[in-house]
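Next comes run14.txt, with compact mmCIF, N, CA and C atoms.
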# COMPACT_ATOMS: atom_id res chain seq x y z
N MET Z 1 4.92 12.52 16.75
CA MET Z 1 4.98 12.88 15.35
C MET Z 1 6.25 12.33 14.72
N SER Z 2 7.32 12.27 15.46
CA SER Z 2 8.58 11.76 14.94
C SER Z 2 8.46 10.31 14.49
N ASP Z 3 7.71 9.49 15.25
CA ASP Z 3 7.51 8.09 14.89
C ASP Z 3 6.78 7.97 13.56
N GLU Z 4 5.76 8.84 13.34
CA GLU Z 4 5.01 8.82 12.07
C GLU Z 4 5.92 9.20 10.91
N ASN Z 5 6.76 10.22 11.10
CA ASN Z 5 7.69 10.62 10.05
C ASN Z 5 8.68 9.51 9.76
N ASP Z 6 9.15 8.84 10.79
CA ASP Z 6 10.09 7.74 10.63
C ASP Z 6 9.45 6.60 9.84
N LEU Z 7 8.20 6.26 10.18
CA LEU Z 7 7.49 5.21 9.47
C LEU Z 7 7.28 5.60 8.01
N SER Z 8 6.87 6.84 7.77
CA SER Z 8 6.67 7.31 6.40
C SER Z 8 7.95 7.22 5.59
N GLU Z 9 9.05 7.65 6.19
CA GLU Z 9 10.35 7.59 5.50
C GLU Z 9 10.76 6.15 5.20
N LYS Z 10 10.52 5.24 6.15
CA LYS Z 10 10.86 3.83 5.94
C LYS Z 10 10.00 3.21 4.83
N LEU Z 11 8.70 3.53 4.84
CA LEU Z 11 7.83 3.00 3.80
C LEU Z 11 8.23 3.51 2.42
N LEU Z 12 8.49 4.81 2.33
CA LEU Z 12 8.89 5.39 1.05
C LEU Z 12 10.21 4.80 0.58
N SER Z 13 11.14 4.64 1.48
CA SER Z 13 12.43 4.06 1.14
C SER Z 13 12.27 2.63 0.64
N ALA Z 14 11.44 1.84 1.33
CA ALA Z 14 11.21 0.45 0.92
C ALA Z 14 10.60 0.39 -0.47
N CYS Z 15 9.63 1.26 -0.74
CA CYS Z 15 8.97 1.26 -2.05
C CYS Z 15 9.91 1.74 -3.15
N ARG Z 16 10.62 2.83 -2.91
CA ARG Z 16 11.52 3.37 -3.92
C ARG Z 16 12.65 2.39 -4.22
N THR Z 17 13.17 1.74 -3.18
CA THR Z 17 14.25 0.78 -3.37
C THR Z 17 13.77 -0.42 -4.18
N THR Z 18 12.56 -0.85 -3.92
CA THR Z 18 12.03 -2.04 -4.57
C THR Z 18 11.56 -1.79 -6.00
N ILE Z 19 10.82 -0.69 -6.23
CA ILE Z 19 10.23 -0.50 -7.56
C ILE Z 19 10.66 0.78 -8.26
N GLY Z 20 11.44 1.61 -7.61
CA GLY Z 20 12.01 2.78 -8.27
C GLY Z 20 11.00 3.73 -8.87
N ASP Z 21 11.22 4.10 -10.12
CA ASP Z 21 10.41 5.11 -10.79
C ASP Z 21 9.01 4.64 -11.16
N GLU Z 22 8.72 3.36 -11.02
CA GLU Z 22 7.37 2.88 -11.28
C GLU Z 22 6.40 3.29 -10.17
N LEU Z 23 6.92 3.75 -9.03
CA LEU Z 23 6.08 4.20 -7.92
C LEU Z 23 5.33 5.47 -8.33
N ARG Z 24 4.01 5.42 -8.24
CA ARG Z 24 3.17 6.58 -8.54
C ARG Z 24 2.75 7.29 -7.25
N SER Z 25 2.26 6.52 -6.27
CA SER Z 25 1.84 7.11 -5.01
C SER Z 25 1.94 6.08 -3.89
N LEU Z 26 1.96 6.59 -2.67
CA LEU Z 26 2.06 5.76 -1.47
C LEU Z 26 1.19 6.39 -0.40
N THR Z 27 0.25 5.62 0.14
CA THR Z 27 -0.63 6.13 1.19
C THR Z 27 -0.66 5.13 2.34
N TYR Z 28 -0.41 5.63 3.55
CA TYR Z 28 -0.47 4.84 4.78
C TYR Z 28 -1.84 5.10 5.41
N PHE Z 29 -2.48 4.06 5.96
CA PHE Z 29 -3.78 4.27 6.59
C PHE Z 29 -4.01 3.34 7.77
N THR Z 30 -4.86 3.81 8.66
CA THR Z 30 -5.40 3.01 9.76
C THR Z 30 -6.91 3.11 9.64
N ALA Z 31 -7.64 2.57 10.61
CA ALA Z 31 -9.10 2.65 10.57
C ALA Z 31 -9.58 4.10 10.70
N ASP Z 32 -8.78 4.97 11.31
CA ASP Z 32 -9.23 6.33 11.61
C ASP Z 32 -8.50 7.44 10.85
N GLU Z 33 -7.30 7.18 10.38
CA GLU Z 33 -6.48 8.25 9.79
C GLU Z 33 -5.80 7.74 8.53
N TYR Z 34 -5.27 8.68 7.77
CA TYR Z 34 -4.41 8.31 6.64
C TYR Z 34 -3.47 9.46 6.33
N GLU Z 35 -2.40 9.11 5.63
CA GLU Z 35 -1.43 10.10 5.17
C GLU Z 35 -0.96 9.68 3.78
N GLN Z 36 -1.08 10.59 2.84
CA GLN Z 36 -0.49 10.33 1.52
C GLN Z 36 0.99 10.67 1.67
N VAL Z 37 1.81 9.67 1.71
CA VAL Z 37 3.23 9.80 1.97
C VAL Z 37 3.98 10.32 0.74
N TYR Z 38 3.52 9.90 -0.43
CA TYR Z 38 4.23 10.24 -1.67
C TYR Z 38 3.26 10.33 -2.82
N LEU Z 39 3.45 11.30 -3.69
CA LEU Z 39 2.73 11.41 -4.96
C LEU Z 39 3.74 11.89 -6.00
N ARG Z 40 3.95 11.07 -7.03
CA ARG Z 40 4.91 11.42 -8.07
C ARG Z 40 4.54 12.77 -8.69
N GLU Z 41 5.53 13.58 -8.99
CA GLU Z 41 5.28 14.95 -9.41
C GLU Z 41 4.55 15.09 -10.74
N ASP Z 42 4.58 14.08 -11.59
CA ASP Z 42 3.88 14.20 -12.88
C ASP Z 42 2.40 13.83 -12.80
N LEU Z 43 1.91 13.51 -11.60
CA LEU Z 43 0.51 13.13 -11.43
C LEU Z 43 -0.32 14.29 -10.89
N GLU Z 44 -1.60 14.28 -11.21
CA GLU Z 44 -2.51 15.33 -10.75
C GLU Z 44 -2.73 15.20 -9.25
N ARG Z 45 -2.84 16.33 -8.61
CA ARG Z 45 -3.00 16.38 -7.16
C ARG Z 45 -4.45 16.34 -6.71
N ASP Z 46 -5.39 16.23 -7.64
CA ASP Z 46 -6.80 16.33 -7.28
C ASP Z 46 -7.52 14.99 -7.19
N ALA Z 47 -6.80 13.89 -7.07
CA ALA Z 47 -7.44 12.58 -6.92
C ALA Z 47 -8.24 12.55 -5.62
N ASP Z 48 -9.30 11.78 -5.60
CA ASP Z 48 -10.14 11.66 -4.41
C ASP Z 48 -9.55 10.62 -3.46
N THR Z 49 -8.51 11.03 -2.76
CA THR Z 49 -7.80 10.13 -1.86
C THR Z 49 -8.72 9.58 -0.77
N ASP Z 50 -9.65 10.40 -0.27
CA ASP Z 50 -10.59 9.93 0.76
C ASP Z 50 -11.35 8.68 0.30
N ALA Z 51 -11.83 8.71 -0.93
CA ALA Z 51 -12.59 7.57 -1.45
C ALA Z 51 -11.71 6.33 -1.60
N PHE Z 52 -10.49 6.52 -2.07
CA PHE Z 52 -9.56 5.39 -2.20
C PHE Z 52 -9.30 4.78 -0.82
N VAL Z 53 -9.02 5.63 0.17
CA VAL Z 53 -8.72 5.14 1.51
C VAL Z 53 -9.91 4.37 2.09
N GLU Z 54 -11.11 4.94 1.95
CA GLU Z 54 -12.30 4.25 2.47
C GLU Z 54 -12.45 2.87 1.84
N ASN Z 55 -12.20 2.77 0.55
CA ASN Z 55 -12.30 1.49 -0.12
C ASN Z 55 -11.22 0.52 0.38
N GLU Z 56 -10.01 0.98 0.54
CA GLU Z 56 -8.92 0.09 0.97
C GLU Z 56 -9.05 -0.31 2.43
N ARG Z 57 -9.74 0.49 3.23
CA ARG Z 57 -10.00 0.10 4.62
C ARG Z 57 -10.87 -1.14 4.72
N LEU Z 58 -11.60 -1.44 3.68
CA LEU Z 58 -12.40 -2.67 3.67
C LEU Z 58 -11.51 -3.90 3.82
N GLY Z 59 -10.23 -3.74 3.55
CA GLY Z 59 -9.28 -4.83 3.72
C GLY Z 59 -9.16 -5.32 5.14
N PHE Z 60 -9.45 -4.45 6.13
CA PHE Z 60 -9.42 -4.90 7.52
C PHE Z 60 -10.49 -5.98 7.72
N THR Z 61 -11.67 -5.79 7.15
CA THR Z 61 -12.74 -6.78 7.22
C THR Z 61 -12.38 -8.02 6.41
N SER Z 62 -11.80 -7.82 5.23
CA SER Z 62 -11.42 -8.95 4.39
C SER Z 62 -10.44 -9.87 5.10
N GLN Z 63 -9.53 -9.30 5.86
CA GLN Z 63 -8.56 -10.14 6.59
C GLN Z 63 -9.28 -11.09 7.52
N ARG Z 64 -10.29 -10.58 8.23
CA ARG Z 64 -11.05 -11.44 9.15
C ARG Z 64 -11.84 -12.49 8.36
N THR Z 65 -12.43 -12.08 7.23
CA THR Z 65 -13.23 -12.99 6.41
C THR Z 65 -12.40 -14.16 5.90
N TYR Z 66 -11.22 -13.87 5.40
CA TYR Z 66 -10.38 -14.89 4.79
C TYR Z 66 -9.41 -15.54 5.79
N GLY Z 67 -9.43 -15.09 7.02
CA GLY Z 67 -8.46 -15.52 8.02
C GLY Z 67 -8.33 -17.02 8.22
N GLY Z 68 -9.43 -17.73 8.17
CA GLY Z 68 -9.38 -19.17 8.41
C GLY Z 68 -9.52 -20.01 7.15
N SER Z 69 -9.31 -19.41 6.01
CA SER Z 69 -9.54 -20.15 4.77
C SER Z 69 -8.38 -21.11 4.47
N GLU Z 70 -8.64 -22.03 3.57
CA GLU Z 70 -7.62 -22.98 3.15
C GLU Z 70 -6.58 -22.34 2.23
N LEU Z 71 -6.78 -21.07 1.89
CA LEU Z 71 -5.82 -20.37 1.03
C LEU Z 71 -4.57 -19.95 1.79
N GLY Z 72 -4.65 -19.96 3.11
CA GLY Z 72 -3.53 -19.50 3.92
C GLY Z 72 -3.71 -18.05 4.33
N ALA Z 73 -2.68 -17.47 4.88
CA ALA Z 73 -2.74 -16.10 5.40
C ALA Z 73 -2.80 -15.08 4.26
N TYR Z 74 -3.56 -14.02 4.49
CA TYR Z 74 -3.63 -12.91 3.54
C TYR Z 74 -2.24 -12.31 3.35
N GLN Z 75 -1.89 -11.97 2.13
CA GLN Z 75 -0.60 -11.32 1.87
C GLN Z 75 -0.77 -9.93 1.30
N PHE Z 76 -1.50 -9.79 0.18
CA PHE Z 76 -1.71 -8.49 -0.42
C PHE Z 76 -2.82 -8.57 -1.45
N THR Z 77 -3.29 -7.41 -1.87
CA THR Z 77 -4.33 -7.29 -2.89
C THR Z 77 -3.79 -6.43 -4.02
N ILE Z 78 -4.03 -6.86 -5.26
CA ILE Z 78 -3.65 -6.05 -6.42
C ILE Z 78 -4.92 -5.73 -7.20
N ARG Z 79 -5.06 -4.46 -7.56
CA ARG Z 79 -6.16 -4.03 -8.43
C ARG Z 79 -5.53 -3.52 -9.73
N ALA Z 80 -6.01 -4.03 -10.83
CA ALA Z 80 -5.46 -3.67 -12.14
C ALA Z 80 -6.32 -2.59 -12.80
N PHE Z 81 -5.66 -1.59 -13.36
CA PHE Z 81 -6.32 -0.49 -14.06
C PHE Z 81 -5.68 -0.32 -15.43
N GLU Z 82 -6.26 0.51 -16.22
CA GLU Z 82 -5.78 0.73 -17.58
C GLU Z 82 -4.33 1.22 -17.61
N PHE Z 83 -3.96 2.10 -16.69
CA PHE Z 83 -2.63 2.71 -16.73
C PHE Z 83 -1.72 2.31 -15.57
N GLY Z 84 -2.11 1.31 -14.80
CA GLY Z 84 -1.26 0.90 -13.69
C GLY Z 84 -1.99 0.02 -12.71
N TYR Z 85 -1.41 -0.10 -11.52
CA TYR Z 85 -1.93 -0.99 -10.50
C TYR Z 85 -2.00 -0.30 -9.14
N LEU Z 86 -2.89 -0.82 -8.30
CA LEU Z 86 -2.94 -0.43 -6.90
C LEU Z 86 -2.70 -1.71 -6.10
N THR Z 87 -1.74 -1.66 -5.20
CA THR Z 87 -1.41 -2.80 -4.34
C THR Z 87 -1.67 -2.41 -2.90
N ARG Z 88 -2.45 -3.22 -2.19
CA ARG Z 88 -2.75 -2.94 -0.78
C ARG Z 88 -2.10 -4.02 0.08
N VAL Z 89 -1.44 -3.58 1.15
CA VAL Z 89 -0.84 -4.47 2.13
C VAL Z 89 -1.36 -4.05 3.49
N ILE Z 90 -1.85 -5.00 4.26
CA ILE Z 90 -2.34 -4.72 5.61
C ILE Z 90 -1.60 -5.62 6.59
N SER Z 91 -1.19 -5.03 7.70
CA SER Z 91 -0.56 -5.78 8.77
C SER Z 91 -1.14 -5.25 10.08
N GLY Z 92 -1.87 -6.09 10.78
CA GLY Z 92 -2.47 -5.67 12.04
C GLY Z 92 -3.48 -4.56 11.82
N ASP Z 93 -3.26 -3.43 12.51
CA ASP Z 93 -4.19 -2.30 12.47
C ASP Z 93 -3.80 -1.22 11.48
N SER Z 94 -2.83 -1.49 10.63
CA SER Z 94 -2.42 -0.47 9.66
C SER Z 94 -2.24 -1.08 8.29
N GLY Z 95 -2.31 -0.20 7.30
CA GLY Z 95 -2.17 -0.67 5.94
C GLY Z 95 -1.53 0.39 5.06
N VAL Z 96 -1.17 -0.03 3.88
CA VAL Z 96 -0.56 0.84 2.89
C VAL Z 96 -1.17 0.48 1.55
N TYR Z 97 -1.45 1.50 0.74
CA TYR Z 97 -1.69 1.18 -0.66
C TYR Z 97 -0.72 1.97 -1.50
N VAL Z 98 -0.24 1.30 -2.52
CA VAL Z 98 0.78 1.83 -3.41
C VAL Z 98 0.21 1.78 -4.82
N THR Z 99 0.31 2.88 -5.55
CA THR Z 99 -0.06 2.83 -6.96
C THR Z 99 1.23 2.84 -7.78
N THR Z 100 1.19 2.08 -8.88
CA THR Z 100 2.39 1.91 -9.69
C THR Z 100 2.05 1.96 -11.17
N ASP Z 101 3.07 2.15 -11.95
CA ASP Z 101 2.97 1.92 -13.38
C ASP Z 101 2.90 0.40 -13.57
N PRO Z 102 2.59 -0.08 -14.77
CA PRO Z 102 2.57 -1.54 -15.00
C PRO Z 102 3.92 -2.18 -14.64
N MET Z 103 3.85 -3.35 -13.99
CA MET Z 103 5.05 -4.09 -13.58
C MET Z 103 4.77 -5.58 -13.67
N SER Z 104 5.81 -6.39 -13.57
CA SER Z 104 5.64 -7.84 -13.55
C SER Z 104 5.19 -8.29 -12.16
N MET Z 105 4.59 -9.47 -12.08
CA MET Z 105 4.10 -10.02 -10.81
C MET Z 105 5.23 -10.16 -9.79
N GLU Z 106 6.41 -10.52 -10.22
CA GLU Z 106 7.53 -10.67 -9.29
C GLU Z 106 7.83 -9.36 -8.57
N ARG Z 107 7.70 -8.25 -9.27
CA ARG Z 107 7.95 -6.95 -8.65
C ARG Z 107 6.93 -6.65 -7.56
N PHE Z 108 5.67 -7.06 -7.76
CA PHE Z 108 4.64 -6.86 -6.74
C PHE Z 108 4.96 -7.68 -5.50
N GLU Z 109 5.43 -8.89 -5.69
CA GLU Z 109 5.79 -9.73 -4.56
C GLU Z 109 6.95 -9.11 -3.77
N GLU Z 110 7.93 -8.57 -4.47
CA GLU Z 110 9.04 -7.89 -3.80
C GLU Z 110 8.55 -6.65 -3.05
N LEU Z 111 7.67 -5.88 -3.70
CA LEU Z 111 7.12 -4.68 -3.07
C LEU Z 111 6.37 -5.02 -1.79
N THR Z 112 5.49 -6.00 -1.84
CA THR Z 112 4.71 -6.32 -0.66
C THR Z 112 5.57 -6.90 0.47
N ALA Z 113 6.60 -7.63 0.14
CA ALA Z 113 7.51 -8.13 1.17
C ALA Z 113 8.20 -6.97 1.87
N ALA Z 114 8.63 -5.98 1.11
CA ALA Z 114 9.33 -4.82 1.69
C ALA Z 114 8.38 -4.01 2.57
N VAL Z 115 7.16 -3.73 2.08
CA VAL Z 115 6.20 -2.95 2.86
C VAL Z 115 5.76 -3.72 4.11
N SER Z 116 5.51 -5.00 3.97
CA SER Z 116 5.09 -5.81 5.12
C SER Z 116 6.15 -5.79 6.22
N SER Z 117 7.39 -5.85 5.82
CA SER Z 117 8.50 -5.81 6.78
C SER Z 117 8.49 -4.52 7.59
N VAL Z 118 8.26 -3.41 6.92
CA VAL Z 118 8.21 -2.11 7.62
C VAL Z 118 7.00 -2.03 8.54
N LEU Z 119 5.84 -2.47 8.07
CA LEU Z 119 4.62 -2.40 8.89
C LEU Z 119 4.72 -3.28 10.13
N LYS Z 120 5.42 -4.40 10.05
CA LYS Z 120 5.52 -5.32 11.18
C LYS Z 120 6.49 -4.82 12.25
N ASP Z 121 7.41 -3.94 11.87
CA ASP Z 121 8.40 -3.42 12.84
C ASP Z 121 7.80 -2.50 13.87

Now that the file is in, can you turn its structure into structure tokens?
Amino acid sequence: MSDENDLSEKLLSACRTTIGDELRSLTYFTADEYEQVYLREDLERDADTDAFVENERLGFTSQRTYGGSELGAYQFTIRAFEFGYLTRVISGDSGVYVTTDPMSMERFEELTAAVSSVLKD
């Protein structure tokens, strides 16, 4: 359990350091489990996290699908919504999705680099 707490703390620290108050939520997931690591206090607690996680788990299949493409290695996925963004990063058998307020593309690249670094450790 200590390793999971350490990973959660590192992921939250990486996200907060990179994007600060624009961070809305942070969820870590594998094929079998997930943990909502952070939810900003001004957001409703009744979101259907199970459905979000199931959708983002499709990224494990996407990695295999795009693995040999001429586009190069998968880095991250961004989904745009009316009031913010969802960014998914997958490394090996684990992934993270982060929801944010609107930000510039450069900030997403910084965010995914920070999260990828933690997941690879």

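The two atoms in question, CA of Arg16 (chain Z) and CA of Ser94 (chain Z), are spaced 19.8 Å apart.
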
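Shortest atom-to-atom contact with Val98 (chain Z) among Z:Glu33, Z:Tyr28, Z:Ser69, Z:Ser116: Z:Tyr28, counting only C-alpha atoms.
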
Could you pull out the alpha helix (DSSP H) residues of chain Z, going by DSSP on the backbone, and write them as a ChimeraX atom specification?
/Z:2-19,49-66,105-120

Have a look at atom C of Thr87 (chain Z) and atom C of Thr99 (chain Z) and let me know their distance in Å, one decimal.
7.7 Å

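Of the residues under consideration (Z:Asn55, Z:Thr77, Z:Glu44, Z:Thr27), Z:Thr77 shows the shortest atom-to-atom contact distance to Val89 (chain Z) when counting all atoms listed in the file.
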
Could you name the residues that touch Gly84 (chain Z) at 6.5 Å or less, counting all atoms listed in the file, but leaving out those on the same chain fewer than 3 positions away, as a tab-separated table (two decimals) with N, CA and C atoms, keeping the file's coordinate frame?
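In the end it all went to result.tsv:
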chain	number	residue	atom	x	y	z
Z	79	ARG	N	-5.06	-4.46	-7.56
Z	79	ARG	CA	-6.16	-4.03	-8.43
Z	79	ARG	C	-5.53	-3.52	-9.73
Z	80	ALA	N	-6.01	-4.03	-10.83
Z	80	ALA	CA	-5.46	-3.67	-12.14
Z	80	ALA	C	-6.32	-2.59	-12.80
Z	81	PHE	N	-5.66	-1.59	-13.36
Z	81	PHE	CA	-6.32	-0.49	-14.06
Z	81	PHE	C	-5.68	-0.32	-15.43
Z	100	THR	N	1.19	2.08	-8.88
Z	100	THR	CA	2.39	1.91	-9.69
Z	100	THR	C	2.05	1.96	-11.17
Z	101	ASP	N	3.07	2.15	-11.95
Z	101	ASP	CA	2.97	1.92	-13.38
Z	101	ASP	C	2.90	0.40	-13.57
Z	102	PRO	N	2.59	-0.08	-14.77
Z	102	PRO	CA	2.57	-1.54	-15.00
Z	102	PRO	C	3.92	-2.18	-14.64

Using DSSP on the backbone coordinates, identify the residues of region 37-87 of chain Z assigned to strand (DSSP E or B); present them as a VMD selection string.
chain Z and resid 37 to 39 77 to 81 84 to 87

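The two atoms in question, atom C of Ala113 (chain Z) and atom C of Tyr74 (chain Z), are spaced 11.8 Å apart.
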
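Counting only C-alpha atoms and comparing Z:Phe60, Z:Asn5, Z:Glu82, Z:Ala73, the residue that lies closest to Gln36 (chain Z) is Z:Asn5.
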
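In this comparison, which uses all atoms listed in the file, the residue of Z:Gly68, Z:Arg107, Z:Ser8, Z:Tyr38 approaching Ser25 (chain Z) most closely is Z:Tyr38.
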
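Among the candidate residues Z:Ala114, Z:Leu7, Z:Met103, Z:Glu109, the one lying nearest to Tyr85 (chain Z) is Z:Met103, with distances computed using only N, CA and C atoms.
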
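Using only C-alpha atoms for every distance, the candidate list Z:Asp3, Z:Asp93, Z:Glu22, Z:Asp121 yields Z:Asp93 as the residue closest to Gln63 (chain Z).
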